[in-house]
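Data from run.cif: mmCIF, C-alpha atoms and all ligand atoms
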data_target
#
loop_
_atom_site.label_atom_id
_atom_site.label_comp_id
_atom_site.auth_asym_id
_atom_site.auth_seq_id
_atom_site.Cartn_x
_atom_site.Cartn_y
_atom_site.Cartn_z
CA MET E 1 6.73 -17.69 -4.37
CA GLN E 2 10.30 -18.43 -3.38
CA THR E 3 11.78 -17.43 -0.05
CA PRO E 4 13.99 -14.33 0.13
CA SER E 5 17.76 -14.40 0.48
CA SER E 6 18.75 -14.59 4.13
CA SER E 7 22.15 -12.94 3.60
CA PRO E 8 22.33 -9.67 5.54
CA ASN E 9 24.87 -8.33 3.02
CA ARG E 10 22.65 -8.67 -0.02
CA PRO E 11 19.70 -6.39 -0.67
CA ALA E 12 16.42 -8.03 0.33
CA HIS E 13 14.96 -9.56 -2.81
CA HIS E 14 11.87 -11.58 -3.13
CA ASN E 15 10.95 -13.55 -6.20
CA VAL E 16 7.35 -12.70 -6.95
CA ARG E 17 7.21 -14.35 -10.38
CA GLY E 18 3.81 -16.03 -10.75
CA ALA E 19 2.51 -14.56 -7.48
CA VAL E 20 -0.96 -13.00 -7.46
CA VAL E 21 -0.81 -9.46 -6.08
CA ALA E 22 -3.96 -7.52 -5.17
CA ILE E 23 -3.57 -3.74 -4.88
CA THR E 24 -6.21 -1.44 -3.43
CA GLY E 25 -6.36 2.05 -4.95
CA GLY E 26 -4.28 0.78 -7.86
CA ALA E 27 -5.84 2.94 -10.57
CA ARG E 28 -3.27 5.73 -10.32
CA GLY E 29 -0.32 7.12 -8.36
CA ILE E 30 1.63 4.80 -6.08
CA GLY E 31 -0.83 1.92 -6.60
CA ARG E 32 -0.43 2.05 -10.35
CA ALA E 33 3.38 2.24 -10.13
CA THR E 34 3.28 -0.71 -7.73
CA ALA E 35 1.16 -2.70 -10.18
CA GLU E 36 3.72 -1.97 -12.87
CA ALA E 37 6.66 -3.00 -10.67
CA PHE E 38 5.08 -6.34 -9.80
CA LEU E 39 4.10 -6.99 -13.43
CA ALA E 40 7.67 -6.27 -14.51
CA ARG E 41 8.74 -9.11 -12.21
CA GLY E 42 6.25 -11.58 -13.66
CA ALA E 43 3.54 -11.32 -10.99
CA ARG E 44 -0.16 -11.38 -11.86
CA VAL E 45 -1.83 -8.20 -10.67
CA ALA E 46 -5.35 -7.32 -9.55
CA ILE E 47 -6.22 -3.64 -9.28
CA GLY E 48 -9.16 -2.68 -7.05
CA ASP E 49 -10.29 0.94 -6.99
CA ILE E 50 -13.33 3.04 -6.19
CA ASP E 51 -12.79 4.68 -9.58
CA ALA E 52 -13.64 1.57 -11.58
CA GLU E 53 -13.40 3.35 -14.92
CA LEU E 54 -9.87 4.63 -14.32
CA ALA E 55 -8.90 1.23 -12.90
CA GLY E 56 -10.10 -0.37 -16.15
CA THR E 57 -8.12 2.08 -18.25
CA THR E 58 -5.02 1.51 -16.13
CA ALA E 59 -5.36 -2.27 -16.41
CA ARG E 60 -5.73 -2.04 -20.18
CA GLU E 61 -2.67 0.20 -20.44
CA LEU E 62 -0.56 -2.05 -18.22
CA ALA E 63 -1.74 -5.14 -20.12
CA GLY E 64 0.33 -3.74 -22.98
CA MET E 65 3.49 -4.70 -21.05
CA GLN E 66 5.02 -7.90 -22.39
CA GLY E 67 3.45 -10.97 -20.78
CA ALA E 68 1.45 -8.85 -18.35
CA GLU E 69 -1.54 -10.49 -16.68
CA VAL E 70 -3.54 -7.72 -15.04
CA ARG E 71 -7.24 -7.22 -14.29
CA SER E 72 -9.26 -4.55 -12.52
CA TRP E 73 -12.30 -4.58 -10.28
CA SER E 74 -14.47 -1.98 -8.60
CA LEU E 75 -13.61 -1.78 -4.90
CA ASP E 76 -14.58 0.44 -1.99
CA VAL E 77 -12.26 -0.28 0.95
CA THR E 78 -14.76 1.33 3.35
CA ASP E 79 -17.16 -1.54 2.67
CA ARG E 80 -16.02 -4.85 4.16
CA THR E 81 -18.26 -6.83 1.80
CA SER E 82 -16.67 -5.08 -1.17
CA VAL E 83 -13.20 -6.07 0.06
CA ALA E 84 -14.18 -9.74 0.50
CA THR E 85 -15.92 -9.79 -2.90
CA PHE E 86 -12.84 -8.23 -4.51
CA LEU E 87 -10.56 -10.96 -3.14
CA ASP E 88 -13.10 -13.67 -4.09
CA ARG E 89 -13.19 -12.41 -7.68
CA VAL E 90 -9.42 -12.11 -7.90
CA GLU E 91 -9.00 -15.68 -6.62
CA HIS E 92 -11.62 -16.95 -9.06
CA ASP E 93 -10.05 -15.24 -12.09
CA LEU E 94 -6.31 -15.02 -11.34
CA GLY E 95 -5.71 -17.64 -8.62
CA THR E 96 -4.90 -17.66 -4.92
CA VAL E 97 -3.81 -14.24 -3.71
CA ASP E 98 -0.23 -14.17 -2.35
CA VAL E 99 0.17 -10.46 -1.64
CA LEU E 100 -2.30 -7.77 -0.61
CA VAL E 101 -1.11 -4.17 -0.87
CA ASN E 102 -3.38 -1.92 1.22
CA ASN E 103 -2.65 1.28 -0.67
CA ALA E 104 -5.94 3.20 -1.06
CA GLY E 105 -5.83 6.44 0.89
CA ILE E 106 -6.85 10.09 0.92
CA MET E 107 -5.10 13.15 2.34
CA PRO E 108 -7.24 16.27 2.61
CA THR E 109 -5.20 19.18 3.95
CA GLY E 110 -6.13 22.18 6.07
CA ALA E 111 -6.45 23.46 9.61
CA PHE E 112 -7.64 20.73 11.96
CA LEU E 113 -10.38 22.90 13.49
CA GLU E 114 -11.86 23.46 10.03
CA GLU E 115 -12.07 19.76 9.19
CA SER E 116 -15.67 18.53 9.03
CA GLU E 117 -16.71 15.51 11.06
CA SER E 118 -17.68 13.72 7.87
CA MET E 119 -14.17 14.26 6.47
CA THR E 120 -12.67 12.91 9.69
CA GLU E 121 -14.91 9.84 9.36
CA ARG E 122 -13.96 9.39 5.70
CA MET E 123 -10.24 9.49 6.47
CA LEU E 124 -10.62 7.02 9.31
CA SER E 125 -12.70 4.67 7.14
CA ILE E 126 -10.43 4.70 4.09
CA ASN E 127 -6.95 5.13 5.59
CA LEU E 128 -7.41 3.06 8.74
CA ARG E 129 -10.53 0.86 8.67
CA GLY E 130 -9.78 0.02 5.03
CA VAL E 131 -6.36 -1.32 6.04
CA ILE E 132 -7.73 -3.19 9.06
CA ASP E 133 -10.59 -4.76 7.11
CA GLY E 134 -8.36 -5.66 4.16
CA SER E 135 -5.91 -7.28 6.57
CA ARG E 136 -8.71 -9.16 8.30
CA VAL E 137 -10.12 -10.59 5.08
CA ALA E 138 -6.71 -11.45 3.56
CA GLY E 139 -5.19 -12.46 6.92
CA ALA E 140 -7.83 -15.14 7.47
CA ARG E 141 -7.01 -16.68 4.08
CA PHE E 142 -3.23 -16.29 4.38
CA THR E 143 -2.93 -17.75 7.90
CA THR E 144 -5.09 -20.74 6.91
CA ARG E 145 -2.78 -21.40 3.94
CA GLY E 146 0.41 -20.69 5.89
CA HIS E 147 1.78 -18.09 3.50
CA GLY E 148 1.14 -14.60 2.19
CA SER E 149 2.20 -10.98 2.58
CA ILE E 150 0.23 -7.91 3.53
CA ILE E 151 1.98 -4.63 2.74
CA ASN E 152 0.36 -1.48 4.10
CA ILE E 153 1.20 1.89 2.59
CA ALA E 154 1.66 4.11 5.62
CA SER E 155 3.69 7.34 5.42
CA LEU E 156 6.42 9.26 7.12
CA ALA E 157 3.36 11.00 8.57
CA GLY E 158 3.10 7.71 10.46
CA VAL E 159 6.21 8.59 12.48
CA LEU E 160 6.23 12.40 12.25
CA GLY E 161 3.59 14.96 13.16
CA VAL E 162 2.96 17.20 10.14
CA PRO E 163 0.80 20.32 10.68
CA GLY E 164 -2.14 20.65 8.29
CA VAL E 165 -2.72 16.89 8.11
CA ALA E 166 -3.31 15.97 11.76
CA THR E 167 -6.04 13.38 11.22
CA TYR E 168 -4.12 11.91 8.29
CA CYS E 169 -1.09 11.60 10.62
CA ALA E 170 -3.31 9.87 13.18
CA THR E 171 -4.43 7.28 10.62
CA LYS E 172 -0.89 6.64 9.39
CA HIS E 173 0.56 6.34 12.93
CA ALA E 174 -2.20 3.82 13.56
CA VAL E 175 -1.34 1.89 10.39
CA VAL E 176 2.33 1.65 11.47
CA GLY E 177 1.39 0.33 14.92
CA PHE E 178 -1.20 -2.02 13.47
CA SER E 179 1.28 -3.40 10.93
CA GLU E 180 3.96 -4.03 13.56
CA ALA E 181 1.50 -5.76 15.86
CA LEU E 182 0.07 -7.91 13.09
CA HIS E 183 3.58 -8.74 11.86
CA ARG E 184 4.32 -10.25 15.28
CA GLU E 185 0.94 -11.94 15.51
CA PHE E 186 1.04 -13.55 12.05
CA ARG E 187 4.71 -14.39 11.55
CA ASP E 188 4.54 -17.84 13.14
CA ALA E 189 1.73 -18.64 10.72
CA GLY E 190 4.08 -17.89 7.81
CA VAL E 191 2.43 -14.58 7.00
CA HIS E 192 4.44 -11.37 6.66
CA VAL E 193 2.96 -7.97 7.41
CA GLY E 194 4.95 -4.90 6.41
CA ALA E 195 4.47 -1.15 6.19
CA VAL E 196 6.11 1.15 3.67
CA LEU E 197 6.61 4.76 4.79
CA PRO E 198 6.99 7.09 1.82
CA GLY E 199 7.72 10.79 2.24
CA VAL E 200 6.20 13.24 -0.22
CA VAL E 201 5.50 11.40 -3.46
CA ARG E 202 4.77 13.16 -6.74
CA THR E 203 1.12 12.11 -7.25
CA GLU E 204 -2.26 13.84 -7.46
CA LEU E 205 -2.71 13.27 -3.72
CA SER E 206 0.30 15.41 -2.79
CA GLU E 207 -0.20 18.17 -5.39
CA GLY E 208 -0.38 21.63 -3.83
CA THR E 209 -0.33 20.40 -0.25
CA GLY E 210 1.65 23.38 0.97
CA PHE E 211 3.96 21.22 3.07
CA PRO E 212 7.02 23.03 4.48
CA SER E 213 9.75 23.17 1.84
CA TRP E 214 12.28 21.44 4.13
CA LEU E 215 9.96 18.44 4.34
CA GLU E 216 9.51 18.31 0.58
CA TRP E 217 13.27 18.69 0.04
CA LEU E 218 14.06 15.90 2.47
CA THR E 219 11.51 13.41 1.36
CA THR E 220 10.17 13.87 -2.16
CA VAL E 221 10.34 10.78 -4.37
CA ASP E 222 8.53 9.37 -7.41
CA PRO E 223 5.81 6.71 -7.25
CA GLU E 224 8.24 4.27 -8.88
CA ASP E 225 10.60 4.61 -5.88
CA VAL E 226 7.78 3.67 -3.56
CA ALA E 227 6.80 0.78 -5.83
CA GLU E 228 10.34 -0.63 -5.58
CA ALA E 229 10.13 -0.40 -1.78
CA VAL E 230 6.81 -2.25 -1.79
CA VAL E 231 8.23 -5.10 -3.88
CA ARG E 232 11.26 -5.18 -1.55
CA ALA E 233 9.00 -5.30 1.50
CA VAL E 234 7.34 -8.54 0.38
CA GLY E 235 8.76 -11.35 2.45
CA THR E 236 11.70 -9.42 3.92
CA GLY E 237 10.47 -10.00 7.46
CA LYS E 238 10.98 -6.33 8.28
CA PRO E 239 7.84 -4.64 9.55
CA LYS E 240 8.88 -1.15 8.35
CA VAL E 241 10.46 -0.03 5.11
CA THR E 242 11.09 3.69 4.57
CA VAL E 243 11.55 5.29 1.19
CA PRO E 244 13.31 8.68 1.13
CA ALA E 245 17.02 8.01 1.41
CA ARG E 246 17.83 11.50 2.69
CA LEU E 247 15.37 11.34 5.56
CA GLY E 248 16.33 7.75 6.31
CA ALA E 249 19.87 9.02 6.86
CA VAL E 250 18.59 11.66 9.27
CA LEU E 251 16.32 9.43 11.28
CA GLY E 252 18.43 6.30 11.15
CA ALA E 253 16.67 2.96 10.93
CA VAL E 254 13.10 4.18 11.17
P1 LIG C 301 -3.70 8.95 -5.30
O1 LIG C 301 -4.76 9.89 -4.85
O2 LIG C 301 -2.93 9.28 -6.51
O3 LIG C 301 -4.32 7.47 -5.48
C1 LIG C 301 -5.16 6.90 -4.51
C2 LIG C 301 -6.08 5.88 -5.18
O4 LIG C 301 -6.94 5.34 -4.14
C3 LIG C 301 -6.98 6.50 -6.25
O5 LIG C 301 -6.94 5.72 -7.43
C4 LIG C 301 -8.36 6.47 -5.61
O6 LIG C 301 -9.43 6.34 -6.54
C5 LIG C 301 -8.24 5.25 -4.69
N1 LIG C 301 -9.24 5.27 -3.61
C6 LIG C 301 -9.63 6.32 -2.84
N2 LIG C 301 -10.60 5.94 -2.01
C7 LIG C 301 -10.82 4.62 -2.22
C8 LIG C 301 -11.70 3.67 -1.65
N3 LIG C 301 -12.60 4.01 -0.71
N4 LIG C 301 -11.65 2.38 -2.08
C9 LIG C 301 -10.78 2.03 -3.07
N5 LIG C 301 -9.94 2.90 -3.66
C10 LIG C 301 -9.96 4.18 -3.24
O7 LIG C 301 -2.77 8.77 -4.04
P2 LIG C 301 -1.25 8.23 -3.89
O8 LIG C 301 -0.38 9.39 -3.70
O9 LIG C 301 -0.95 7.24 -4.94
O10 LIG C 301 -1.38 7.52 -2.45
C11 LIG C 301 -1.47 6.12 -2.28
C12 LIG C 301 -1.18 5.79 -0.83
O11 LIG C 301 0.11 6.28 -0.49
C13 LIG C 301 -2.14 6.43 0.17
O12 LIG C 301 -2.40 5.52 1.22
C14 LIG C 301 -1.37 7.62 0.68
O13 LIG C 301 -1.78 8.01 1.97
C15 LIG C 301 0.03 7.06 0.68
N6 LIG C 301 1.07 8.08 0.66
C16 LIG C 301 1.11 9.01 -0.32
C17 LIG C 301 2.10 9.99 -0.28
C18 LIG C 301 2.20 11.08 -1.32
O14 LIG C 301 2.92 12.07 -1.08
N7 LIG C 301 1.56 10.96 -2.48
C19 LIG C 301 3.04 9.98 0.75
C20 LIG C 301 2.98 9.01 1.74
C21 LIG C 301 1.99 8.06 1.67
#
With the file now loaded, output its structure as C-alpha cells.
Ligand code: NAD
Amino acid sequence: MQTPSSSPNRPAHHNVRGAVVAITGGARGIGRATAEAFLARGARVAIGDIDAELAGTTARELAGMQGAEVRSWSLDVTDRTSVATFLDRVEHDLGTVDVLVNNAGIMPTGAFLEESESMTERMLSINLRGVIDGSRVAGARFTTRGHGSIINIASLAGVLGVPGVATYCATKHAVVGFSEALHREFRDAGVHVGAVLPGVVRTELSEGTGFPSWLEWLTTVDPEDVAEAVVRAVGTGKPKVTVPARLGAVLGAV
C-alpha cells in the first residue's frame, strides 16, 4: 500500500491497489458495499460471515467485476478461534492482510426493559467483543509487521443516545472509545485504527426500526456512501469518520 496524501487541502485518499482487505459480515449490506468499493480500487477482498452460503453467493457475484479477486469464508465473530482461523485462511489464500474491517453487527430494536438477557449478551458479543477480538488478532499481526489498518464500523449511535436501541448504543459508544484508544496505542507501530460512524443506512438491519423521522431525515444514506467512507478511513490517521453530511454539519467535526 502507498501512503496517503499529506495535503490538508486534498481529500484523504489512500491507494489500496493490491492490498488484502478482510471484511467481517461482508455477505450483505454495508459489508458487501465495502467489498465492492475496495474491489473497484484493485484490492483483494476476503468476506467472512456467519451466513456462509450468502457470503459465497456474494463473493461469486462480486467476482464478476473486472479483475476482481474475492473469496468468502464462514466466520463467527463471537468465537475468537473462528476469527483467527479466518485471518489464517485469508493470508494463506490471498496474502498478508493489510486491512481488517470489523463490520459484523446486529441491531434488535425495542423497549430496553423487554430485552432478554440472552439478546443483551448476543449484542455485546457480536458488536463489541467481536470488534475487540478481531482487533486483537489482527493487531498482533499488524504491529509485528509495522503496517496495517483496522476500521471499525461504529454508528452515530456511538455518539448519540437513541431510544429503542439502548444496548446497541452502549456497544457502539464502546467501539468509538475503543477505536480512539487503540488508534493512539498502535500509531507508533505504524498501525492505523479508525471508526466510521454511519447514520441510518438503507439495509436489512435498519428496515422498519421505527426511528424518529427527524433522525432518519438527518442521517439516512446508502451502503455505498458508507463504503466510500470506509475506504477513505484507511490510512487517513483520523480516528473517526462520520458519514451523513447533514448531521456532520449540525454536530461539527464529530
Ligand atoms: P446487515 O444486517 O445488512 O449485515 C450484517 C452482516 O453481519 C450480515 O451479513 C450478517 O450475516 C453478519 N453477521 C451477523 N452476525 C455475525 C457474526 N456473529 N459473525 C459474522 N458475521 C455476522 O447490517 P448492516 O446494516 O450492513 O450493518 C453493518 C454494520 O454497520 C453493523 O455493525 C451495524 O451496526 C453498522 N451500522 C448500520 C447502520 C444501518 O442503519 N444499517 C447504521 C450505523 C451502523
As a ChimeraX atom specification, please: the residues near E:Ile151 (cut-off 6 Å, only C-alpha atoms, same-chain neighbours under 2 positions excluded).
/E:101,193-195
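Distance check against ligand LIG 301 (chain C) using all atoms listed in the file: of E:Val243, E:Ala52, E:Val201, E:Ala37, the minimum falls on E:Val201.
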Set the cut-off to 7 Å, count all atoms listed in the file, and list whatever residues fall near ligand LIG 301 (chain C) as a PyMOL selection string.
chain E and resi 24-31+48-51+75-78+103-107+126-127+153-156+197-206
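Nearest residue to E:Val21 among E:Thr58, E:Ser179, E:Thr171, E:Thr34 is E:Thr34, counting only C-alpha atoms.
Of the residues listed (E:Glu115, E:Glu121, E:Asp98, E:Asp222), E:Asp98 shows the shortest atom-to-atom separation from E:Ile150; distances use all atoms listed in the file.
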Exercise: residues within 8 Å of coordinate (-10.0, 13.9, 10.4), counting all atoms listed in the file, as a ChimeraX atom specification
/E:112,115-117,119-124,166-168
Mind checking which residues fall within 8 Å of E:Ala22, counting all atoms listed in the file, ignoring those fewer than 5 positions away in the same chain, and posting them as a PyMOL selection string?
chain E and resi 45-48+87+90+97+99-101
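Rounded to one decimal, atom CA of E:His183 and atom CA of E:Pro239 lie 6.3 Å from each other.
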Only N, CA and C atoms, as an mmCIF file, in the first residue's frame: that is what I want for stretch 190-214 of chain E.
data_model
loop_
_atom_site.group_PDB
_atom_site.id
_atom_site.type_symbol
_atom_site.label_atom_id
_atom_site.label_comp_id
_atom_site.auth_asym_id
_atom_site.auth_seq_id
_atom_site.Cartn_x
_atom_site.Cartn_y
_atom_site.Cartn_z
ATOM 1 N N GLY E 190 2.935 2.004 13.439
ATOM 2 C CA GLY E 190 2.599 2.074 12.016
ATOM 3 C C GLY E 190 1.229 1.498 11.694
ATOM 4 N N VAL E 191 0.416 1.320 12.720
ATOM 5 C CA VAL E 191 -0.902 0.719 12.501
ATOM 6 C C VAL E 191 -1.989 1.753 12.786
ATOM 7 N N HIS E 192 -2.913 1.895 11.826
ATOM 8 C CA HIS E 192 -3.981 2.880 11.949
ATOM 9 C C HIS E 192 -5.275 2.189 12.391
ATOM 10 N N VAL E 193 -5.918 2.788 13.374
ATOM 11 C CA VAL E 193 -7.234 2.271 13.793
ATOM 12 C C VAL E 193 -8.252 3.388 13.631
ATOM 13 N N GLY E 194 -9.299 3.128 12.856
ATOM 14 C CA GLY E 194 -10.320 4.147 12.629
ATOM 15 C C GLY E 194 -11.709 3.612 12.920
ATOM 16 N N ALA E 195 -12.639 4.529 13.098
ATOM 17 C CA ALA E 195 -14.047 4.141 13.259
ATOM 18 C C ALA E 195 -14.877 4.968 12.293
ATOM 19 N N VAL E 196 -15.805 4.320 11.619
ATOM 20 C CA VAL E 196 -16.731 5.024 10.733
ATOM 21 C C VAL E 196 -18.090 5.043 11.419
ATOM 22 N N LEU E 197 -18.725 6.222 11.414
ATOM 23 C CA LEU E 197 -19.980 6.396 12.159
ATOM 24 C C LEU E 197 -21.133 6.718 11.208
ATOM 25 N N PRO E 198 -21.739 5.679 10.620
ATOM 26 C CA PRO E 198 -22.859 5.962 9.728
ATOM 27 C C PRO E 198 -24.097 6.340 10.520
ATOM 28 N N GLY E 199 -25.026 7.043 9.850
ATOM 29 C CA GLY E 199 -26.337 7.298 10.449
ATOM 30 C C GLY E 199 -27.240 6.125 10.113
ATOM 31 N N VAL E 200 -28.456 6.408 9.676
ATOM 32 C CA VAL E 200 -29.341 5.325 9.245
ATOM 33 C C VAL E 200 -28.945 4.957 7.813
ATOM 34 N N VAL E 201 -28.697 3.688 7.593
ATOM 35 C CA VAL E 201 -28.270 3.220 6.275
ATOM 36 C C VAL E 201 -29.335 2.273 5.741
ATOM 37 N N ARG E 202 -29.660 2.412 4.465
ATOM 38 C CA ARG E 202 -30.723 1.568 3.899
ATOM 39 C C ARG E 202 -30.233 0.135 3.717
ATOM 40 N N THR E 203 -30.373 -0.682 4.771
ATOM 41 C CA THR E 203 -30.027 -2.111 4.688
ATOM 42 C C THR E 203 -31.107 -2.895 5.434
ATOM 43 N N GLU E 204 -30.977 -4.226 5.413
ATOM 44 C CA GLU E 204 -31.964 -5.053 6.129
ATOM 45 C C GLU E 204 -31.938 -4.762 7.618
ATOM 46 N N LEU E 205 -30.769 -4.420 8.148
ATOM 47 C CA LEU E 205 -30.649 -4.149 9.586
ATOM 48 C C LEU E 205 -31.529 -2.986 10.034
ATOM 49 N N SER E 206 -31.652 -1.960 9.184
ATOM 50 C CA SER E 206 -32.358 -0.748 9.606
ATOM 51 C C SER E 206 -33.822 -0.728 9.182
ATOM 52 N N GLU E 207 -34.249 -1.775 8.425
ATOM 53 C CA GLU E 207 -35.630 -1.796 7.927
ATOM 54 C C GLU E 207 -36.642 -1.807 9.072
ATOM 55 N N GLY E 208 -37.594 -0.893 9.020
ATOM 56 C CA GLY E 208 -38.684 -0.902 9.993
ATOM 57 C C GLY E 208 -38.253 -0.692 11.429
ATOM 58 N N THR E 209 -37.211 0.107 11.647
ATOM 59 C CA THR E 209 -36.727 0.311 13.008
ATOM 60 C C THR E 209 -37.626 1.237 13.815
ATOM 61 N N GLY E 210 -38.415 2.062 13.120
ATOM 62 C CA GLY E 210 -39.255 2.997 13.840
ATOM 63 C C GLY E 210 -38.477 4.118 14.493
ATOM 64 N N PHE E 211 -37.312 4.442 13.938
ATOM 65 C CA PHE E 211 -36.564 5.594 14.455
ATOM 66 C C PHE E 211 -37.365 6.869 14.239
ATOM 67 N N PRO E 212 -37.153 7.904 15.074
ATOM 68 C CA PRO E 212 -37.851 9.175 14.842
ATOM 69 C C PRO E 212 -37.533 9.701 13.439
ATOM 70 N N SER E 213 -38.558 10.307 12.800
ATOM 71 C CA SER E 213 -38.371 10.714 11.406
ATOM 72 C C SER E 213 -37.282 11.770 11.262
ATOM 73 N N TRP E 214 -37.099 12.630 12.303
ATOM 74 C CA TRP E 214 -36.051 13.654 12.192
ATOM 75 C C TRP E 214 -34.677 12.995 12.096
#
